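Undergrad: One file: target.pdb (PDB, C-alpha atoms).
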ATOM      1  CA  MET A   1     134.425  91.212 125.276
ATOM      2  CA  PRO A   2     134.959  89.557 121.874
ATOM      3  CA  THR A   3     137.495  91.141 119.601
ATOM      4  CA  LYS A   4     136.474  92.590 116.288
ATOM      5  CA  PRO A   5     137.473  90.360 113.356
ATOM      6  CA  ALA A   6     139.934  91.750 110.847
ATOM      7  CA  PRO A   7     138.234  93.185 107.770
ATOM      8  CA  ARG A   8     138.126  90.936 104.736
ATOM      9  CA  ALA A   9     139.475  92.157 101.448
ATOM     10  CA  SER A  10     136.544  93.068  99.223
ATOM     11  CA  LYS A  11     136.248  91.764  95.721
ATOM     12  CA  PRO A  12     135.602  94.460  93.158
ATOM     13  CA  SER A  13     131.873  94.628  92.573
ATOM     14  CA  ALA A  14     130.312  94.384  89.136
ATOM     15  CA  THR A  15     127.487  96.587  90.463
ATOM     16  CA  PRO A  16     129.084  99.017  92.940
ATOM     17  CA  VAL A  17     126.281 101.608  92.901
ATOM     18  CA  ARG A  18     123.590  99.013  93.505
ATOM     19  CA  ASP A  19     125.670  97.329  96.210
ATOM     20  CA  ALA A  20     126.292 100.656  97.985
ATOM     21  CA  ALA A  21     122.583 101.511  97.754
ATOM     22  CA  ASP A  22     121.659  98.085  99.141
ATOM     23  CA  ALA A  23     124.020  98.636 102.079
ATOM     24  CA  LEU A  24     122.538 102.105 102.580
ATOM     25  CA  VAL A  25     118.963 100.799 102.684
ATOM     26  CA  ARG A  26     119.907  98.172 105.270
ATOM     27  CA  ALA A  27     121.713 100.757 107.429
ATOM     28  CA  ALA A  28     118.796 103.203 107.142
ATOM     29  CA  ASN A  29     116.284 100.512 107.993
ATOM     30  CA  GLU A  30     118.229  99.441 111.069
ATOM     31  CA  SER A  31     118.701 103.023 112.254
ATOM     32  CA  CYS A  32     114.956 103.670 111.985
ATOM     33  CA  HIS A  33     114.235 100.377 113.746
ATOM     34  CA  GLN A  34     116.554 101.184 116.647
ATOM     35  CA  HIS A  35     115.171 104.719 117.044
ATOM     36  CA  GLY A  36     111.672 103.240 117.170
ATOM     37  CA  ARG A  37     112.886 100.733 119.747
ATOM     38  CA  LEU A  38     114.318 103.552 121.850
ATOM     39  CA  GLN A  39     111.008 105.422 121.720
ATOM     40  CA  ARG A  40     109.089 102.312 122.803
ATOM     41  CA  ILE A  41     111.535 101.507 125.590
ATOM     42  CA  LEU A  42     111.487 105.051 126.975
ATOM     43  CA  LYS A  43     107.803 104.544 127.788
ATOM     44  CA  HIS A  44     108.735 101.726 130.185
ATOM     45  CA  GLY A  45     110.802 103.786 132.608
ATOM     46  CA  LEU A  46     114.016 101.800 132.321
ATOM     47  CA  ASP A  47     116.885 101.758 134.694
ATOM     48  CA  ASP A  48     119.921 103.751 133.582
ATOM     49  CA  LEU A  49     122.020 100.709 132.683
ATOM     50  CA  GLU A  50     119.472  99.348 130.202
ATOM     51  CA  LEU A  51     118.835 102.779 128.738
ATOM     52  CA  GLU A  52     122.563 103.393 128.255
ATOM     53  CA  GLY A  53     122.833 100.124 126.326
ATOM     54  CA  VAL A  54     119.946 101.003 124.032
ATOM     55  CA  VAL A  55     121.325 104.505 123.438
ATOM     56  CA  GLU A  56     124.705 102.976 122.580
ATOM     57  CA  VAL A  57     123.099 100.707 119.946
ATOM     58  CA  VAL A  58     121.200 103.678 118.492
ATOM     59  CA  ALA A  59     124.416 105.716 118.268
ATOM     60  CA  LEU A  60     126.208 102.826 116.555
ATOM     61  CA  CYS A  61     123.402 102.431 113.999
ATOM     62  CA  ASP A  62     123.435 106.167 113.329
ATOM     63  CA  ARG A  63     127.202 106.089 112.769
ATOM     64  CA  ILE A  64     126.849 103.166 110.367
ATOM     65  CA  LEU A  65     124.082 105.033 108.521
ATOM     66  CA  GLY A  66     126.356 108.061 108.197
ATOM     67  CA  GLU A  67     129.167 105.911 106.829
ATOM     68  CA  ALA A  68     126.841 104.143 104.375
ATOM     69  CA  THR A  69     125.496 107.518 103.217
ATOM     70  CA  THR A  70     129.016 108.817 102.588
ATOM     71  CA  ARG A  71     130.029 105.601 100.835
ATOM     72  CA  TYR A  72     127.021 105.741  98.496
ATOM     73  CA  GLU A  73     127.774 109.380  97.709
ATOM     74  CA  THR A  74     131.394 108.565  96.891
ATOM     75  CA  ILE A  75     130.536 105.607  94.665
ATOM     76  CA  ALA A  76     127.550 107.217  92.915
ATOM     77  CA  LYS A  77     129.312 110.473  92.045
ATOM     78  CA  ASP A  78     130.536 108.898  88.794
ATOM     79  CA  GLY A  79     127.031 107.950  87.658
ATOM     80  CA  ARG A  80     124.673 105.032  87.852
ATOM     81  CA  GLY A  81     126.891 102.445  86.180
ATOM     82  CA  THR A  82     124.824  99.370  85.383
ATOM     83  CA  ALA A  83     122.022 100.199  87.829
ATOM     84  CA  PRO A  84     118.607 100.429  86.147
ATOM     85  CA  GLU A  85     117.204 103.959  85.898
ATOM     86  CA  ASP A  86     114.390 103.363  88.426
ATOM     87  CA  VAL A  87     116.770 101.830  90.980
ATOM     88  CA  TRP A  88     119.190 104.724  90.436
ATOM     89  CA  HIS A  89     116.464 107.285  91.160
ATOM     90  CA  ALA A  90     115.187 105.392  94.214
ATOM     91  CA  ALA A  91     118.749 105.016  95.513
ATOM     92  CA  ASN A  92     119.411 108.726  95.100
ATOM     93  CA  ALA A  93     116.160 109.545  96.916
ATOM     94  CA  LEU A  94     117.252 107.198  99.705
ATOM     95  CA  TRP A  95     120.666 108.869  99.845
ATOM     96  CA  MET A  96     119.112 112.355 100.060
ATOM     97  CA  ALA A  97     116.660 111.242 102.770
ATOM     98  CA  SER A  98     119.491 109.583 104.722
ATOM     99  CA  ARG A  99     121.620 112.699 104.479
ATOM    100  CA  GLU A 100     118.737 114.934 105.631
ATOM    101  CA  TYR A 101     117.884 112.568 108.479
ATOM    102  CA  SER A 102     121.485 112.551 109.695
ATOM    103  CA  ARG A 103     121.584 116.350 109.473
ATOM    104  CA  ARG A 104     118.344 116.703 111.435
ATOM    105  CA  MET A 105     119.518 114.292 114.129
ATOM    106  CA  ALA A 106     122.758 116.246 114.539
ATOM    107  CA  GLN A 107     120.869 119.561 114.766
ATOM    108  CA  SER A 108     118.401 118.117 117.234
ATOM    109  CA  ASP A 109     121.216 116.788 119.429
ATOM    110  CA  ALA A 110     123.025 120.138 119.279
ATOM    111  CA  VAL A 111     119.899 122.070 120.288
ATOM    112  CA  VAL A 112     119.205 119.731 123.205
ATOM    113  CA  GLN A 113     122.813 120.071 124.444
ATOM    114  CA  LYS A 114     122.727 123.856 124.087
ATOM    115  CA  LEU A 115     119.344 124.244 125.756
ATOM    116  CA  ARG A 116     119.945 121.751 128.546
ATOM    117  CA  LYS A 117     121.253 124.632 130.646
ATOM    118  CA  HIS A 118     118.075 126.639 130.140
ATOM    119  CA  GLY A 119     114.600 126.204 131.530
ATOM    120  CA  ALA A 120     111.162 125.245 130.320
ATOM    121  CA  GLU A 121     110.912 128.362 128.168
ATOM    122  CA  GLN A 122     113.307 126.686 125.734
ATOM    123  CA  LEU A 123     111.088 123.613 125.398
ATOM    124  CA  ASN A 124     109.475 125.023 122.245
ATOM    125  CA  ALA A 125     112.817 125.088 120.408
ATOM    126  CA  ILE A 126     113.491 121.485 121.401
ATOM    127  CA  SER A 127     109.981 120.507 120.333
ATOM    128  CA  VAL A 128     110.433 122.081 116.898
ATOM    129  CA  GLU A 129     113.740 120.266 116.348
ATOM    130  CA  TYR A 130     112.185 116.991 117.473
ATOM    131  CA  GLU A 131     109.300 117.429 115.011
ATOM    132  CA  LEU A 132     111.739 118.165 112.169
ATOM    133  CA  GLU A 133     113.705 115.046 113.077
ATOM    134  CA  MET A 134     110.516 112.953 113.099
ATOM    135  CA  SER A 135     109.555 114.383 109.709
ATOM    136  CA  ALA A 136     112.986 113.477 108.332
ATOM    137  CA  ARG A 137     112.606 109.937 109.736
ATOM    138  CA  MET A 138     109.222 109.582 108.028
ATOM    139  CA  ALA A 139     110.767 110.711 104.724
ATOM    140  CA  LEU A 140     113.580 108.214 105.230
ATOM    141  CA  LYS A 141     111.105 105.400 105.872
ATOM    142  CA  GLN A 142     109.261 106.321 102.674
ATOM    143  CA  ALA A 143     112.530 106.241 100.724
ATOM    144  CA  ILE A 144     113.361 102.847 102.265
ATOM    145  CA  THR A 145     109.949 101.495 101.223
ATOM    146  CA  ALA A 146     110.324 102.862  97.685
ATOM    147  CA  TYR A 147     113.792 101.370  97.264
ATOM    148  CA  LEU A 148     112.802  97.993  98.692
ATOM    149  CA  ALA A 149     109.771  97.879  96.366
ATOM    150  CA  LEU A 150     112.273  97.827  93.487
ATOM    151  CA  ARG A 151     114.955  95.736  95.219
ATOM    152  CA  PRO A 152     113.285  93.509  97.829
ATOM    153  CA  GLU A 153     116.343  91.252  97.820
ATOM    154  CA  ALA A 154     118.350  94.162  99.322
ATOM    155  CA  ALA A 155     116.607  93.717 102.660
TER     156      ALA A 155
END
If you took the structure in this file and wrote it as structure tokens, what would it be?
TA:
Amino acid sequence: MPTKPAPRASKPSATPVRDAADALVRAANESCHQHGRLQRILKHGLDDLELEGVVEVVALCDRILGEATTRYETIAKDGRGTAPEDVWHAANALWMASREYSRRMAQSDAVVQKLRKHGAEQLNAISVEYELEMSARMALKQAITAYLALRPEAA
């Protein structure tokens, strides 16, 4: 297995809020893409080894999205800096959608783990959590689209 390269020292950015928002949109886009991939692949009846690999990629993308969300929040807490007003608002909408999506995914996972021990009567609770997660993903995709309409070069 290849070793992970040592992190490079970052140069201070002239546009830290925009750069953090750009990183957030890429992380959000990839997380949504990988969740969609998982949904498509589940329809094929995979063997466990392939499914485990896909789930591992999804978990990695979700972790990166969480880190990008936290990083944007940390950088943006001091204001928009040089970011244009419309980009600032779109970035904040993206941040809020990313935060809600991460929260919904965590709740959904917790409910599934808790209810795994129970029977079919608990299926309704799982179904509700799944629908809330899907709604949060749709909101995230809308925020991604809105941000990329203003900053297509961020993709």
Undergrad: Restricting the calculation to all atoms listed in the file: of A:Cys32, A:Met96, A:Ala14, A:Ala27, which residue gets closest to Met134 (chain A)?
TA: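 For Met134 (chain A), the nearest of the given residues is A:Cys32.
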Undergrad: Have a look at A:Arg37, A:Lys4, A:Arg104, A:Arg151 and name the one nearest to Ala83 (chain A); count all atoms listed in the file.
TA: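 Among the listed residues, A:Arg151 lies closest to Ala83 (chain A).
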Undergrad: Could you pull the residues within 12 Å of Ser98 (chain A), counting all atoms listed in the file, minus those fewer than 2 positions along the same chain, as a PDB file with C-alpha atoms, in the coordinates of the input?
TA:
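Dumped to around_21.pdb:
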ATOM      1  CA  ALA A  21     122.583 101.511  97.754  1.00  0.00           C
ATOM      2  CA  LEU A  24     122.538 102.105 102.580  1.00  0.00           C
ATOM      3  CA  VAL A  25     118.963 100.799 102.684  1.00  0.00           C
ATOM      4  CA  ARG A  26     119.907  98.172 105.270  1.00  0.00           C
ATOM      5  CA  ALA A  27     121.713 100.757 107.429  1.00  0.00           C
ATOM      6  CA  ALA A  28     118.796 103.203 107.142  1.00  0.00           C
ATOM      7  CA  ASN A  29     116.284 100.512 107.993  1.00  0.00           C
ATOM      8  CA  SER A  31     118.701 103.023 112.254  1.00  0.00           C
ATOM      9  CA  CYS A  32     114.956 103.670 111.985  1.00  0.00           C
ATOM     10  CA  ASP A  62     123.435 106.167 113.329  1.00  0.00           C
ATOM     11  CA  ARG A  63     127.202 106.089 112.769  1.00  0.00           C
ATOM     12  CA  ILE A  64     126.849 103.166 110.367  1.00  0.00           C
ATOM     13  CA  LEU A  65     124.082 105.033 108.521  1.00  0.00           C
ATOM     14  CA  GLY A  66     126.356 108.061 108.197  1.00  0.00           C
ATOM     15  CA  GLU A  67     129.167 105.911 106.829  1.00  0.00           C
ATOM     16  CA  ALA A  68     126.841 104.143 104.375  1.00  0.00           C
ATOM     17  CA  THR A  69     125.496 107.518 103.217  1.00  0.00           C
ATOM     18  CA  THR A  70     129.016 108.817 102.588  1.00  0.00           C
ATOM     19  CA  ARG A  71     130.029 105.601 100.835  1.00  0.00           C
ATOM     20  CA  TYR A  72     127.021 105.741  98.496  1.00  0.00           C
ATOM     21  CA  GLU A  73     127.774 109.380  97.709  1.00  0.00           C
ATOM     22  CA  ALA A  91     118.749 105.016  95.513  1.00  0.00           C
ATOM     23  CA  ASN A  92     119.411 108.726  95.100  1.00  0.00           C
ATOM     24  CA  ALA A  93     116.160 109.545  96.916  1.00  0.00           C
ATOM     25  CA  LEU A  94     117.252 107.198  99.705  1.00  0.00           C
ATOM     26  CA  TRP A  95     120.666 108.869  99.845  1.00  0.00           C
ATOM     27  CA  MET A  96     119.112 112.355 100.060  1.00  0.00           C
ATOM     28  CA  GLU A 100     118.737 114.934 105.631  1.00  0.00           C
ATOM     29  CA  TYR A 101     117.884 112.568 108.479  1.00  0.00           C
ATOM     30  CA  SER A 102     121.485 112.551 109.695  1.00  0.00           C
ATOM     31  CA  ARG A 103     121.584 116.350 109.473  1.00  0.00           C
ATOM     32  CA  ARG A 104     118.344 116.703 111.435  1.00  0.00           C
ATOM     33  CA  MET A 105     119.518 114.292 114.129  1.00  0.00           C
ATOM     34  CA  GLU A 133     113.705 115.046 113.077  1.00  0.00           C
ATOM     35  CA  ALA A 136     112.986 113.477 108.332  1.00  0.00           C
ATOM     36  CA  ARG A 137     112.606 109.937 109.736  1.00  0.00           C
ATOM     37  CA  MET A 138     109.222 109.582 108.028  1.00  0.00           C
ATOM     38  CA  ALA A 139     110.767 110.711 104.724  1.00  0.00           C
ATOM     39  CA  LEU A 140     113.580 108.214 105.230  1.00  0.00           C
ATOM     40  CA  LYS A 141     111.105 105.400 105.872  1.00  0.00           C
ATOM     41  CA  GLN A 142     109.261 106.321 102.674  1.00  0.00           C
ATOM     42  CA  ALA A 143     112.530 106.241 100.724  1.00  0.00           C
ATOM     43  CA  ILE A 144     113.361 102.847 102.265  1.00  0.00           C
TER      44      ILE A 144
END
Undergrad: I need the residue nearest Leu148 (chain A) from this list: A:Val58, A:Val17, A:Arg99, A:Ala23. Use all atoms listed in the file for the distance.
TA: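 So, comparing all the options, the nearest one is A:Ala23.
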Undergrad: When you draw a straight line from CA of Asp48 (chain A) to CA of Gln34 (chain A), how long is it in Å?
TA: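 Distance reported for this atom pair: 17.5 Å.
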Undergrad: When distances are computed from all atoms listed in the file, which of A:Leu51, A:Pro16, A:Ala97, A:Ala90 shows the smallest separation from Asp78 (chain A)?
TA: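 Checking each of A:Leu51, A:Pro16, A:Ala97, A:Ala90 against Asp78 (chain A), counting all atoms listed in the file, the winner is A:Pro16.
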Undergrad: When distances are computed from all atoms listed in the file, which of A:Gly81, A:Ala59, A:Ala146, A:Ser13 shows the smallest separation from Leu38 (chain A)?
TA: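 Under the stated criterion, the closest residue is A:Ala59.
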Undergrad: With distances taken over all atoms listed in the file, which of A:Ile75, A:Ala20, A:Ala154, A:Leu60 is nearest to His35 (chain A)?
TA: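 Using all atoms listed in the file, the shortest distance to His35 (chain A) belongs to A:Leu60.
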Undergrad: Quick one: pull the distance between CA of Asp22 (chain A) and CA of Lys77 (chain A), Å, one decimal.
TA: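 Atom-to-atom, CA of Asp22 (chain A) and CA of Lys77 (chain A) are spaced 16.2 Å apart.
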Undergrad: Using CA of Arg18 (chain A) and CA of Glu30 (chain A) as the two end points, give the distance in Å to one decimal.
TA: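 Rounded to one decimal, the two atoms are 18.4 Å apart.
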